[in-house]
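Printed here is structure_29.cif (mmCIF, C-alpha atoms):
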data_data
#
loop_
_atom_site.label_atom_id
_atom_site.label_comp_id
_atom_site.auth_asym_id
_atom_site.auth_seq_id
_atom_site.Cartn_x
_atom_site.Cartn_y
_atom_site.Cartn_z
CA MET A 1 0.00 0.00 0.00
CA ASN A 2 2.70 2.40 0.94
CA ASN A 3 4.52 1.63 -2.24
CA VAL A 4 1.51 2.66 -4.19
CA THR A 5 1.24 5.96 -2.41
CA LEU A 6 4.90 6.64 -2.99
CA GLU A 7 4.53 6.02 -6.67
CA SER A 8 1.51 8.17 -7.05
CA ASP A 9 3.41 10.85 -5.22
CA ILE A 10 6.15 10.88 -7.79
CA SER A 11 4.01 10.50 -10.84
CA ASP A 12 2.03 13.61 -9.86
CA GLU A 13 -1.35 11.95 -10.20
CA PRO A 14 -4.28 14.08 -9.17
CA GLU A 15 -5.85 11.40 -7.00
CA SER A 16 -4.71 11.13 -3.41
CA SER A 17 -4.86 7.66 -1.96
CA ASP A 18 -4.58 8.32 1.77
CA ARG A 19 -4.12 10.98 4.40
CA ASN A 20 -0.40 11.13 3.79
CA ASN A 21 -0.98 12.00 0.22
CA ASN A 22 -3.61 14.49 1.15
CA LYS A 23 -0.98 16.17 3.24
CA THR A 24 1.41 16.30 0.31
CA SER A 25 -1.26 17.85 -1.88
CA GLN A 26 -1.58 20.56 0.78
CA GLN A 27 2.19 20.91 0.75
CA LYS A 28 2.18 21.16 -3.03
CA PHE A 29 -0.41 23.86 -2.76
CA LEU A 30 1.77 25.75 -0.28
CA PHE A 31 4.67 25.54 -2.72
CA SER A 32 2.57 26.84 -5.58
CA LEU A 33 1.27 29.56 -3.27
CA ALA A 34 4.85 30.65 -2.56
CA ARG A 35 5.51 30.58 -6.27
CA ALA A 36 2.43 32.72 -6.82
CA PHE A 37 3.73 35.35 -4.38
CA GLY A 38 7.03 35.34 -6.26
CA GLY A 39 5.24 35.91 -9.55
CA ALA A 40 3.11 38.67 -8.07
CA LEU A 41 6.21 40.50 -6.84
CA LEU A 42 8.08 40.02 -10.11
CA PHE A 43 5.30 41.45 -12.24
CA ALA A 44 3.82 44.06 -9.94
CA LEU A 45 6.74 45.57 -8.07
CA PRO A 46 7.64 48.02 -10.86
CA MET A 47 4.04 49.21 -10.82
CA LEU A 48 3.86 49.21 -7.03
CA MET A 49 6.78 51.66 -7.13
CA THR A 50 5.25 54.01 -9.70
CA VAL A 51 4.01 57.33 -8.39
CA GLU A 52 1.28 57.82 -11.01
CA ILE A 53 -0.37 54.55 -10.07
CA TRP A 54 -0.47 55.52 -6.38
CA GLU A 55 -1.98 58.86 -7.26
CA LEU A 56 -4.54 57.16 -9.45
CA GLY A 57 -5.92 55.57 -6.30
CA LEU A 58 -6.71 59.05 -4.98
CA TYR A 59 -8.96 60.18 -7.79
CA ILE A 60 -10.10 57.11 -9.76
CA TYR A 61 -13.89 56.79 -10.15
CA PRO A 62 -14.98 54.11 -7.65
CA LEU A 63 -17.58 52.63 -10.03
CA ARG A 64 -15.12 52.32 -12.90
CA LEU A 65 -12.61 50.66 -10.60
CA ALA A 66 -15.31 48.27 -9.35
CA LEU A 67 -16.12 47.33 -12.95
CA PHE A 68 -12.43 46.83 -13.67
CA LEU A 69 -12.05 44.49 -10.67
CA PHE A 70 -15.07 42.55 -11.83
CA MET A 71 -13.73 42.26 -15.37
CA ALA A 72 -10.41 41.05 -14.00
CA LEU A 73 -12.02 37.82 -12.74
CA PRO A 74 -12.69 36.17 -16.13
CA LEU A 75 -9.26 37.41 -17.20
CA LEU A 76 -7.62 35.67 -14.23
CA THR A 77 -9.65 32.51 -14.83
CA GLY A 78 -8.39 32.42 -18.40
CA PHE A 79 -4.82 33.01 -17.28
CA SER A 80 -5.15 30.13 -14.85
CA TRP A 81 -6.28 27.91 -17.72
CA TYR A 82 -3.28 28.74 -19.92
CA SER A 83 -0.67 29.22 -17.24
CA GLY A 84 -1.57 29.47 -13.55
CA PHE A 85 0.60 28.77 -10.55
CA LYS A 86 -0.24 25.09 -10.82
CA PRO A 87 -1.74 22.77 -13.41
CA THR A 88 -5.52 22.68 -13.41
CA ASN A 89 -8.37 20.51 -14.59
CA GLY A 90 -11.59 22.12 -15.57
CA LEU A 91 -13.25 25.47 -15.23
CA LYS A 92 -14.13 25.13 -11.55
CA GLU A 93 -10.52 24.72 -10.53
CA ASP A 94 -9.48 27.64 -12.69
CA MET A 95 -12.09 29.83 -11.05
CA VAL A 96 -10.90 28.76 -7.61
CA ASP A 97 -7.33 29.54 -8.68
CA ALA A 98 -8.43 32.94 -9.98
CA PHE A 99 -9.66 33.83 -6.49
CA VAL A 100 -6.52 32.43 -4.90
CA ALA A 101 -4.50 34.59 -7.30
CA TYR A 102 -6.55 37.63 -6.38
CA ALA A 103 -5.98 36.96 -2.68
CA VAL A 104 -2.23 36.66 -3.36
CA GLY A 105 -2.23 39.81 -5.51
CA PHE A 106 -4.17 41.77 -2.92
CA CYS A 107 -1.88 40.72 -0.06
CA THR A 108 1.25 41.43 -2.10
CA SER A 109 -0.04 44.83 -3.09
CA ALA A 110 -1.18 45.73 0.45
CA LEU A 111 2.05 44.56 2.08
CA ALA A 112 4.28 46.22 -0.49
CA LEU A 113 2.43 49.54 -0.34
CA ALA A 114 2.51 49.48 3.47
CA LEU A 115 6.19 48.52 3.50
CA LEU A 116 7.02 51.34 1.08
CA THR A 117 4.99 53.67 3.37
CA ILE A 118 2.71 54.66 0.50
CA VAL A 119 -0.30 53.47 2.45
CA GLY A 120 -0.35 54.25 6.13
CA LYS A 121 -2.31 55.54 9.06
CA LYS A 122 -2.89 58.88 7.36
CA THR A 123 -4.33 57.41 4.16
CA SER A 124 -8.12 57.51 4.01
CA ALA A 125 -10.00 54.19 3.88
CA ALA A 126 -11.22 54.97 0.38
CA GLY A 127 -7.66 55.68 -0.72
CA ILE A 128 -6.36 52.43 0.73
CA VAL A 129 -9.08 50.29 -0.88
CA ALA A 130 -8.65 51.98 -4.25
CA MET A 131 -4.83 51.88 -4.28
CA VAL A 132 -4.51 48.30 -3.05
CA SER A 133 -7.30 46.75 -5.12
CA LEU A 134 -6.11 48.51 -8.28
CA GLN A 135 -2.53 47.25 -7.93
CA ALA A 136 -3.82 43.82 -6.94
CA VAL A 137 -4.91 43.20 -10.54
CA PRO A 138 -1.45 43.16 -12.19
CA ALA A 139 -0.09 41.43 -9.08
CA SER A 140 -2.62 38.62 -9.42
CA ILE A 141 -1.83 38.29 -13.12
CA GLY A 142 1.81 37.95 -12.03
CA ALA A 143 0.78 35.29 -9.53
CA LEU A 144 -0.79 33.29 -12.34
CA LEU A 145 2.20 33.73 -14.63
CA ALA A 146 4.43 32.34 -11.88
CA GLN A 147 4.28 28.80 -13.14
CA SER A 148 5.66 29.58 -16.55
CA GLN A 149 8.30 31.91 -15.12
CA PHE A 150 9.68 29.72 -12.34
CA GLY A 151 10.05 26.45 -14.17
CA ASN A 152 8.18 23.34 -13.02
CA TYR A 153 6.19 23.83 -16.11
CA ALA A 154 3.36 21.42 -16.69
CA LYS A 155 3.12 19.84 -20.12
CA GLN A 156 -0.61 19.92 -19.74
CA GLU A 157 -0.74 23.75 -19.84
CA LYS A 158 1.71 23.87 -22.71
CA LYS A 159 -0.60 21.58 -24.61
CA LYS A 160 -3.55 23.81 -23.81
CA GLN A 161 -1.64 26.77 -25.24
CA ALA A 162 -0.68 24.92 -28.39
CA GLU A 163 -4.27 23.82 -28.82
CA ALA A 164 -5.81 27.18 -27.99
CA GLY A 165 -8.38 27.65 -30.70
CA TYR A 166 -9.28 30.92 -32.35
CA TRP A 167 -11.10 32.26 -29.28
CA GLY A 168 -8.25 31.15 -27.07
CA GLU A 169 -5.88 33.21 -29.20
CA ILE A 170 -8.24 36.15 -28.96
CA PHE A 171 -8.36 35.79 -25.19
CA LEU A 172 -4.57 35.79 -24.90
CA MET A 173 -4.45 38.93 -27.05
CA ILE A 174 -6.98 40.70 -24.80
CA ALA A 175 -5.06 39.70 -21.68
CA GLY A 176 -1.72 40.89 -23.06
CA ALA A 177 -3.16 44.17 -24.29
CA VAL A 178 -4.78 44.88 -20.91
CA PHE A 179 -1.56 44.16 -18.99
CA PHE A 180 0.60 46.41 -21.16
CA ALA A 181 -1.97 49.19 -21.38
CA PHE A 182 -2.40 49.10 -17.60
CA ASN A 183 1.34 49.52 -17.22
CA LEU A 184 1.59 52.67 -19.30
CA ALA A 185 -1.79 54.39 -19.11
CA PRO A 186 -1.43 55.97 -15.64
CA GLY A 187 1.60 58.09 -16.57
CA ASP A 188 1.59 61.40 -18.37
CA GLU A 189 3.76 60.07 -21.16
CA VAL A 190 0.93 59.02 -23.45
CA VAL A 191 -0.64 62.47 -23.24
CA ILE A 192 2.69 64.29 -23.67
CA ILE A 193 3.58 62.20 -26.72
CA GLY A 194 0.12 62.98 -28.08
CA TYR A 195 0.76 66.73 -27.85
CA LYS A 196 4.06 66.42 -29.67
CA MET A 197 2.84 64.27 -32.52
CA THR A 198 1.51 65.47 -35.84
CA ALA A 199 -1.20 63.66 -37.80
CA TRP A 200 1.57 62.05 -39.86
CA ASN A 201 3.37 60.71 -36.81
CA ILE A 202 0.13 59.20 -35.55
CA THR A 203 -0.53 57.56 -38.89
CA ILE A 204 2.94 56.05 -38.94
CA ILE A 205 2.50 54.68 -35.38
CA ALA A 206 -0.84 53.11 -36.35
CA ILE A 207 0.58 51.48 -39.49
CA LEU A 208 3.69 50.30 -37.65
CA SER A 209 1.54 48.73 -34.92
CA LEU A 210 -0.37 46.83 -37.56
CA VAL A 211 2.80 45.68 -39.32
CA LEU A 212 4.40 44.54 -36.05
CA MET A 213 1.23 42.74 -35.08
CA HIS A 214 1.25 40.88 -38.35
CA ALA A 215 4.95 40.04 -38.07
CA PHE A 216 4.46 38.57 -34.59
CA VAL A 217 1.35 36.65 -35.61
CA TYR A 218 3.11 35.26 -38.66
CA PHE A 219 6.29 34.19 -36.93
CA LEU A 220 4.51 32.71 -33.93
CA GLN A 221 2.29 30.72 -36.22
CA PHE A 222 5.35 29.71 -38.14
CA ARG A 223 7.07 28.57 -34.98
CA GLU A 224 4.17 26.45 -33.81
CA GLN A 225 2.82 24.88 -36.96
CA GLU A 226 5.70 24.96 -39.33
CA SER A 227 3.96 24.23 -42.57
CA SER A 228 0.55 25.76 -42.05
CA ALA A 229 1.81 29.34 -41.79
CA GLN A 230 3.04 29.15 -45.32
CA ASP A 231 -0.11 27.45 -46.52
CA THR A 232 -2.66 29.84 -45.02
CA PRO A 233 -3.31 32.70 -47.40
CA PHE A 234 -2.04 36.13 -46.33
CA GLY A 235 -5.51 37.64 -46.34
CA GLN A 236 -6.93 35.09 -43.95
CA THR A 237 -4.21 35.49 -41.32
CA PHE A 238 -4.24 39.25 -41.75
CA PHE A 239 -7.95 39.68 -41.16
CA ARG A 240 -8.51 36.91 -38.64
CA PHE A 241 -5.55 37.73 -36.38
CA THR A 242 -3.71 40.92 -37.27
CA VAL A 243 -6.67 43.25 -37.80
CA VAL A 244 -8.66 41.71 -34.96
CA GLY A 245 -5.58 41.84 -32.71
CA TYR A 246 -5.01 45.52 -33.44
CA ALA A 247 -8.69 46.26 -32.88
CA ILE A 248 -8.38 44.52 -29.48
CA ALA A 249 -5.32 46.62 -28.62
CA LEU A 250 -7.22 49.81 -29.51
CA LEU A 251 -10.33 48.82 -27.59
CA MET A 252 -8.45 47.72 -24.48
CA SER A 253 -6.36 50.91 -24.56
CA PHE A 254 -9.52 52.94 -24.67
CA TYR A 255 -11.08 50.89 -21.88
CA ILE A 256 -8.05 51.33 -19.62
CA LEU A 257 -7.82 55.07 -20.34
CA TRP A 258 -11.53 55.39 -19.57
CA THR A 259 -11.16 53.39 -16.35
CA PHE A 260 -8.38 55.72 -15.22
CA GLY A 261 -10.49 58.78 -16.08
CA ARG A 262 -8.07 59.84 -18.78
CA THR A 263 -10.66 60.18 -21.55
CA ASP A 264 -12.83 62.68 -19.67
CA GLY A 265 -13.33 66.07 -21.20
CA LEU A 266 -11.12 65.37 -24.20
CA SER A 267 -12.20 65.88 -27.79
CA VAL A 268 -12.73 62.81 -29.97
CA GLU A 269 -9.50 63.57 -31.86
CA ARG A 270 -7.43 63.84 -28.65
CA ASN A 271 -8.88 60.59 -27.37
CA LEU A 272 -8.17 58.86 -30.65
CA VAL A 273 -4.56 60.09 -30.61
CA ASN A 274 -4.07 58.85 -27.03
CA VAL A 275 -5.68 55.51 -27.81
CA ILE A 276 -3.45 54.97 -30.86
CA ILE A 277 -0.33 55.83 -28.86
CA LEU A 278 -1.25 53.53 -25.98
CA ALA A 279 -2.26 50.80 -28.42
CA PHE A 280 1.31 50.72 -29.73
CA PRO A 281 2.71 48.95 -26.63
CA ALA A 282 -0.63 47.19 -26.11
CA THR A 283 -0.27 45.66 -29.60
CA ILE A 284 3.12 44.26 -28.67
CA GLY A 285 1.60 42.93 -25.45
CA ALA A 286 -1.27 41.32 -27.31
CA ALA A 287 1.08 39.75 -29.83
CA VAL A 288 3.68 38.33 -27.45
CA THR A 289 1.52 37.00 -24.60
CA ARG A 290 1.99 33.54 -26.04
CA LEU A 291 5.75 33.94 -25.78
CA ILE A 292 5.63 35.12 -22.17
CA LEU A 293 3.41 32.28 -21.05
CA MET B 294 11.42 -4.40 3.47
CA ILE B 295 10.21 -1.69 5.78
CA ASN B 296 7.02 -1.51 3.83
CA GLN B 297 6.21 -5.10 4.55
CA THR B 298 6.45 -4.59 8.28
CA THR B 299 4.10 -1.67 8.26
CA GLU B 300 1.64 -3.33 5.94
CA PRO B 301 -0.68 -4.91 8.51
CA THR B 302 -1.40 -1.64 10.25
CA VAL B 303 -2.12 0.06 6.97
CA GLN B 304 -4.47 -2.66 5.91
CA GLN B 305 -6.44 -2.22 9.06
CA ASN B 306 -7.13 1.35 8.11
CA ASP B 307 -8.00 0.45 4.57
CA PRO B 308 -11.78 0.69 4.66
CA ALA B 309 -11.60 4.12 6.24
CA THR B 310 -8.99 5.46 3.85
CA ASP B 311 -10.89 4.13 0.87
CA ILE B 312 -13.75 6.43 1.70
CA THR B 313 -11.47 9.44 1.82
CA VAL B 314 -10.04 8.43 -1.54
CA ASN B 315 -13.41 8.70 -3.15
CA LYS B 316 -14.06 12.01 -1.52
CA THR B 317 -10.79 13.63 -2.47
CA THR B 318 -10.64 12.43 -6.04
CA THR B 319 -13.91 14.11 -6.89
CA THR B 320 -12.75 17.58 -5.82
CA ASN B 321 -8.98 17.40 -6.30
CA ILE B 322 -8.63 20.83 -4.67
CA PRO B 323 -6.82 20.78 -1.32
CA PHE B 324 -8.68 22.20 1.67
CA LEU B 325 -6.13 24.98 2.11
CA GLU B 326 -6.71 26.12 -1.44
CA TRP B 327 -10.42 26.47 -0.76
CA VAL B 328 -9.60 28.59 2.28
CA VAL B 329 -7.35 30.94 0.31
CA ALA B 330 -9.84 31.06 -2.58
CA ILE B 331 -12.65 32.01 -0.23
CA ILE B 332 -10.47 34.75 1.27
CA GLY B 333 -9.87 35.96 -2.30
CA LEU B 334 -13.58 35.86 -3.05
CA MET B 335 -14.32 37.85 0.10
CA ILE B 336 -11.67 40.44 -0.76
CA VAL B 337 -12.97 40.89 -4.30
CA THR B 338 -16.62 41.14 -3.34
CA GLY B 339 -15.71 43.34 -0.39
CA ALA B 340 -13.65 45.74 -2.51
CA ILE B 341 -16.23 45.82 -5.31
CA SER B 342 -19.16 46.43 -2.96
CA TYR B 343 -17.24 49.10 -1.06
CA LEU B 344 -16.36 50.87 -4.31
CA VAL B 345 -19.90 50.59 -5.68
CA TYR B 346 -21.33 51.91 -2.40
CA GLN B 347 -18.85 54.75 -2.46
CA GLY B 348 -19.54 55.49 -6.11
CA LEU B 349 -23.28 55.64 -5.54
CA THR B 350 -23.27 57.62 -2.30
CA GLU B 351 -20.31 59.96 -2.65
CA LYS B 352 -21.21 63.60 -3.05
CA LYS B 353 -18.94 65.51 -5.35
CA THR B 354 -18.88 68.51 -3.06
CA PRO B 355 -16.29 71.06 -4.18
CA PRO B 356 -12.96 70.99 -2.36
CA GLN B 357 -12.98 72.91 0.89
CA ILE B 358 -9.52 73.67 2.19
CA LEU B 359 -8.95 74.39 5.84
CA LEU B 360 -5.47 75.66 6.76
CA LYS B 361 -4.00 75.35 10.22
CA VAL B 362 -0.67 76.39 11.69
CA ASN B 363 0.78 73.33 13.31
CA SER B 364 3.95 74.80 14.82
CA ILE B 365 6.43 77.65 14.48
CA THR B 366 10.10 76.80 14.99
CA ILE B 367 13.44 78.49 14.43
CA THR B 368 15.57 76.61 11.90
CA GLY B 369 19.00 78.20 11.59
CA THR B 370 18.46 81.71 10.31
CA ASN B 371 14.87 81.01 9.23
CA TYR B 372 11.54 80.57 10.90
CA LEU B 373 9.59 77.49 9.86
CA VAL B 374 5.82 77.52 9.98
CA GLN B 375 4.38 74.04 9.62
CA VAL B 376 1.04 74.14 7.91
CA LYS B 377 -1.64 71.50 7.79
CA ALA B 378 -4.02 71.56 4.80
CA ILE B 379 -7.28 69.71 5.40
CA ASN B 380 -9.58 69.04 2.47
CA GLN B 381 -13.08 68.74 3.89
CA GLY B 382 -14.74 68.59 0.48
CA GLY B 383 -15.54 65.51 -1.57
CA GLU B 384 -13.11 66.13 -4.42
CA THR B 385 -9.36 65.56 -4.56
CA VAL B 386 -7.25 68.58 -5.46
CA LYS B 387 -3.96 68.48 -7.32
CA GLU B 388 -1.20 71.12 -7.22
CA LEU B 389 -2.83 73.02 -4.37
CA GLN B 390 -1.05 76.34 -3.86
CA ILE B 391 -0.88 77.89 -0.41
CA GLU B 392 0.38 81.38 0.29
CA GLY B 393 1.49 82.60 3.68
CA THR B 394 1.75 86.37 4.23
CA LEU B 395 3.40 88.12 7.15
CA LYS B 396 1.82 91.49 7.84
CA ASN B 397 2.62 94.33 10.19
CA LYS B 398 -0.37 96.60 10.73
CA GLY B 399 -1.72 95.96 7.23
CA SER B 400 1.52 96.29 5.26
CA VAL B 401 2.98 93.14 3.74
CA ILE B 402 6.41 92.25 5.14
CA GLU B 403 7.04 88.88 3.49
CA THR B 404 5.28 86.13 1.51
CA SER B 405 6.13 82.43 1.09
CA ASN B 406 4.28 79.61 -0.61
CA ILE B 407 3.83 75.85 -0.75
CA THR B 408 2.45 73.61 -3.49
CA PHE B 409 0.85 70.38 -2.34
CA ALA B 410 1.00 67.70 -5.06
CA TYR B 411 -2.27 66.12 -3.90
CA VAL B 412 -4.72 66.67 -1.10
CA PRO B 413 -7.29 63.87 -1.42
CA ALA B 414 -10.93 64.28 -0.43
CA LYS B 415 -11.47 64.08 3.34
CA SER B 416 -7.72 63.97 3.94
CA GLU B 417 -4.94 66.17 5.22
CA ARG B 418 -1.38 66.94 4.20
CA MET B 419 1.47 68.70 5.99
CA GLY B 420 3.89 71.25 4.59
CA GLY B 421 6.06 74.14 5.70
CA LEU B 422 6.65 77.83 4.97
CA PHE B 423 10.00 79.53 5.62
CA PHE B 424 10.21 83.17 6.70
CA THR B 425 13.15 85.37 7.60
CA ASP B 426 11.07 87.49 9.98
CA ASP B 427 9.60 86.09 13.16
CA PRO B 428 5.98 85.12 12.45
CA ARG B 429 5.23 85.13 16.17
CA THR B 430 5.69 88.90 16.41
CA LEU B 431 3.76 89.63 13.18
CA THR B 432 0.33 88.69 11.76
CA LEU B 433 0.42 85.48 9.70
CA GLN B 434 -2.23 85.04 7.05
CA LEU B 435 -2.69 81.72 5.24
CA ARG B 436 -4.66 81.43 2.05
CA ALA B 437 -5.30 78.72 -0.58
CA LEU B 438 -4.64 80.21 -4.01
CA GLY B 439 -5.79 77.58 -6.46
CA TYR B 440 -5.56 73.99 -7.64
CA GLU B 441 -5.91 71.72 -10.64
CA GLN B 442 -8.54 69.02 -11.00
CA PRO B 443 -6.68 65.71 -11.30
#

Show me, as structure tokens, the structure contained in the file I just sent.
Amino acid sequence: MNNVTLESDISDEPESSDRNNNKTSQQKFLFSLARAFGGALLFALPMLMTVEIWELGLYIYPLRLALFLFMALPLLTGFSWYSGFKPTNGLKEDMVDAFVAYAVGFCTSALALALLTIVGKKTSAAGIVAMVSLQAVPASIGALLAQSQFGNYAKQEKKKQAEAGYWGEIFLMIAGAVFFAFNLAPGDEVVIIGYKMTAWNITIIAILSLVLMHAFVYFLQFREQESSAQDTPFGQTFFRFTVVGYAIALLMSFYILWTFGRTDGLSVERNLVNVIILAFPATIGAAVTRLIL
Amino acid sequence: MINQTTEPTVQQNDPATDITVNKTTTTNIPFLEWVVAIIGLMIVTGAISYLVYQGLTEKKTPPQILLKVNSITITGTNYLVQVKAINQGGETVKELQIEGTLKNKGSVIETSNITFAYVPAKSERMGGLFFTDDPRTLTLQLRALGYEQP
């Protein structure tokens, strides 16, 4: 009997055959939890140490932030499916992991902000909730990316990524675009660049984004299914992935700018300029998420 | 070899452990993970409901800045007046400018100013004004000049 349990221990089977094994599954969870904290720190610390993101917590619209937190949940569930801090089976487990990741992200963000004395006794309750829960989103994404970053990579998830159908690809693009846009939208840079640029500059940025998107899509496809990239006609790849991917980058950029209150009171042209500028890094994010995972 | 010696005791527990096998294989999620997940769920719903409540009830009352002198100290050749800016309104102000004027029977002797990067709604911030004349022997007037909406 003991031999059996030992074997199942090594072979990483999901079933646990006695209390001993149950204990090791708890231990395994603790390990993946530690890994998740590592991932949260790795991905969120640069943002946790960015002044514009702290300040955002002081004036962000509470309802828009609430919506953003809500929207983050399906995003985290999807991330858990394709990466996660441990291999998963089925939607239920991914949803559970999404909440675990959010708990990890929230704790990381709260502890780091308190440690860096950004949040303290003098901060108002509203400020604390807004600052911590906002930063918890990239931190929890980091927690879910932990598995792919710190080795111990499950073949199962790799397979899921390789098999990700069209909608899976679209999901990964959305997730990447959100993460990159979130990173850059709080600063003044996007707006400043917008003031400096002429209509021609903007056009060039938009075209370049599209070209880069297509290049990434093409080469990633090429890498994964060696022959099919050459077989699929240019038009099909271009419209199904490149154009859709760029549209996602634009939409997510707009959504993030709106969430942060950066679209308010601006003319349509100004907003469009800012969205195109922010979509430039968001496009790269959308295109390379597969590589990061 | 060691396994064989322990075998009898294990076998005795077999019926009991078999039941737990069936239970655990159906869920596959360790108990601890459920605990952390439920904490996460509570945090998310807590934060969202707090923010929604705040969003629905908050009154966007215009910023109302109250200025208080916290202390006056001598620092080298200067006098330092520590000022507390309290925003009692419901809107955060950015780049709040404060001017302190020292007056002697109506005539202005000296002015100094502070710019607060942010004074959030219902919050306070501290700053200081330096003067070369002693504010304790003169009349000190504090005034908020203006701000930017973030």

Could you expand the PyMOL selection byres ((chain B and resi 391) around 7) into the explicit residues it covers here, written as a compact mmCIF listing (two decimals) with C-alpha atoms, in the coordinates of the input?
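Output saved as expr_34.txt:
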# COMPACT_ATOMS: atom_id res chain seq x y z
CA LEU B 389 -2.83 73.02 -4.37
CA GLN B 390 -1.05 76.34 -3.86
CA GLU B 392 0.38 81.38 0.29
CA GLY B 393 1.49 82.60 3.68
CA ASN B 406 4.28 79.61 -0.61
CA ILE B 407 3.83 75.85 -0.75
CA THR B 408 2.45 73.61 -3.49
CA ARG B 436 -4.66 81.43 2.05
CA ALA B 437 -5.30 78.72 -0.58
CA LEU B 438 -4.64 80.21 -4.01

Have a look at atom CA of Lys387 of chain B and atom CA of Tyr411 of chain B and let me know their distance in Å, one decimal.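 For atom CA of Lys387 of chain B relative to atom CA of Tyr411 of chain B, the distance reads 4.5 Å.
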
Nearest to Phe31 of chain A, chosen from B:Asn397, B:Gly333, B:Val362, B:Glu326, with all atoms listed in the file counted in the distances: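 The answer is B:Glu326, which sits nearest to Phe31 of chain A.
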
Evaluate the PyMOL selection byres ((chain B and resi 330) around 10) on the structure here and hand back the selected residues as number ranges by chain. A: 95-104; B: 324-329, 331-336

Hey, can you spit out that residue selection with C-alpha atoms as an mmCIF file, in the coordinates of the input?
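This is the output file result_34.cif:
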data_model
loop_
_atom_site.group_PDB
_atom_site.id
_atom_site.type_symbol
_atom_site.label_atom_id
_atom_site.label_comp_id
_atom_site.auth_asym_id
_atom_site.auth_seq_id
_atom_site.Cartn_x
_atom_site.Cartn_y
_atom_site.Cartn_z
ATOM 1 C CA MET A 95 -12.090 29.830 -11.050
ATOM 2 C CA VAL A 96 -10.900 28.760 -7.610
ATOM 3 C CA ASP A 97 -7.330 29.540 -8.680
ATOM 4 C CA ALA A 98 -8.430 32.940 -9.980
ATOM 5 C CA PHE A 99 -9.660 33.830 -6.490
ATOM 6 C CA VAL A 100 -6.520 32.430 -4.900
ATOM 7 C CA ALA A 101 -4.500 34.590 -7.300
ATOM 8 C CA TYR A 102 -6.550 37.630 -6.380
ATOM 9 C CA ALA A 103 -5.980 36.960 -2.680
ATOM 10 C CA VAL A 104 -2.230 36.660 -3.360
ATOM 11 C CA PHE B 324 -8.680 22.200 1.670
ATOM 12 C CA LEU B 325 -6.130 24.980 2.110
ATOM 13 C CA GLU B 326 -6.710 26.120 -1.440
ATOM 14 C CA TRP B 327 -10.420 26.470 -0.760
ATOM 15 C CA VAL B 328 -9.600 28.590 2.280
ATOM 16 C CA VAL B 329 -7.350 30.940 0.310
ATOM 17 C CA ILE B 331 -12.650 32.010 -0.230
ATOM 18 C CA ILE B 332 -10.470 34.750 1.270
ATOM 19 C CA GLY B 333 -9.870 35.960 -2.300
ATOM 20 C CA LEU B 334 -13.580 35.860 -3.050
ATOM 21 C CA MET B 335 -14.320 37.850 0.100
ATOM 22 C CA ILE B 336 -11.670 40.440 -0.760
#

From B:Thr432, B:Pro443, B:Gly339, B:Leu422, residue lying nearest Thr366 of chain B [all atoms listed in the file]: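 Of B:Thr432, B:Pro443, B:Gly339, B:Leu422, the one nearest Thr366 of chain B is B:Leu422, counting all atoms listed in the file.
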
Using only C-alpha atoms, determine which residues lie at most 12 Å from Leu63 of chain A, disregarding the query and same-chain residues fewer than 6 positions distant; provide the list as a PyMOL selection string. (chain A and resi 69-70+130+258-261) or (chain B and resi 340-351)

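We find atom CA of Glu417 of chain B and atom CA of Met47 of chain A to be spaced 25.0 Å apart.
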
Distance atom CA of Ala44 of chain A-atom CA of Pro87 of chain A, one decimal place?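 Value for the atom CA of Ala44 of chain A-atom CA of Pro87 of chain A distance: 22.3 Å.
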
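Distances to Lys196 of chain A were evaluated for A:Leu266, A:Ala36, A:Val137, A:Val273 using all atoms listed in the file, and the minimum falls at A:Val273.
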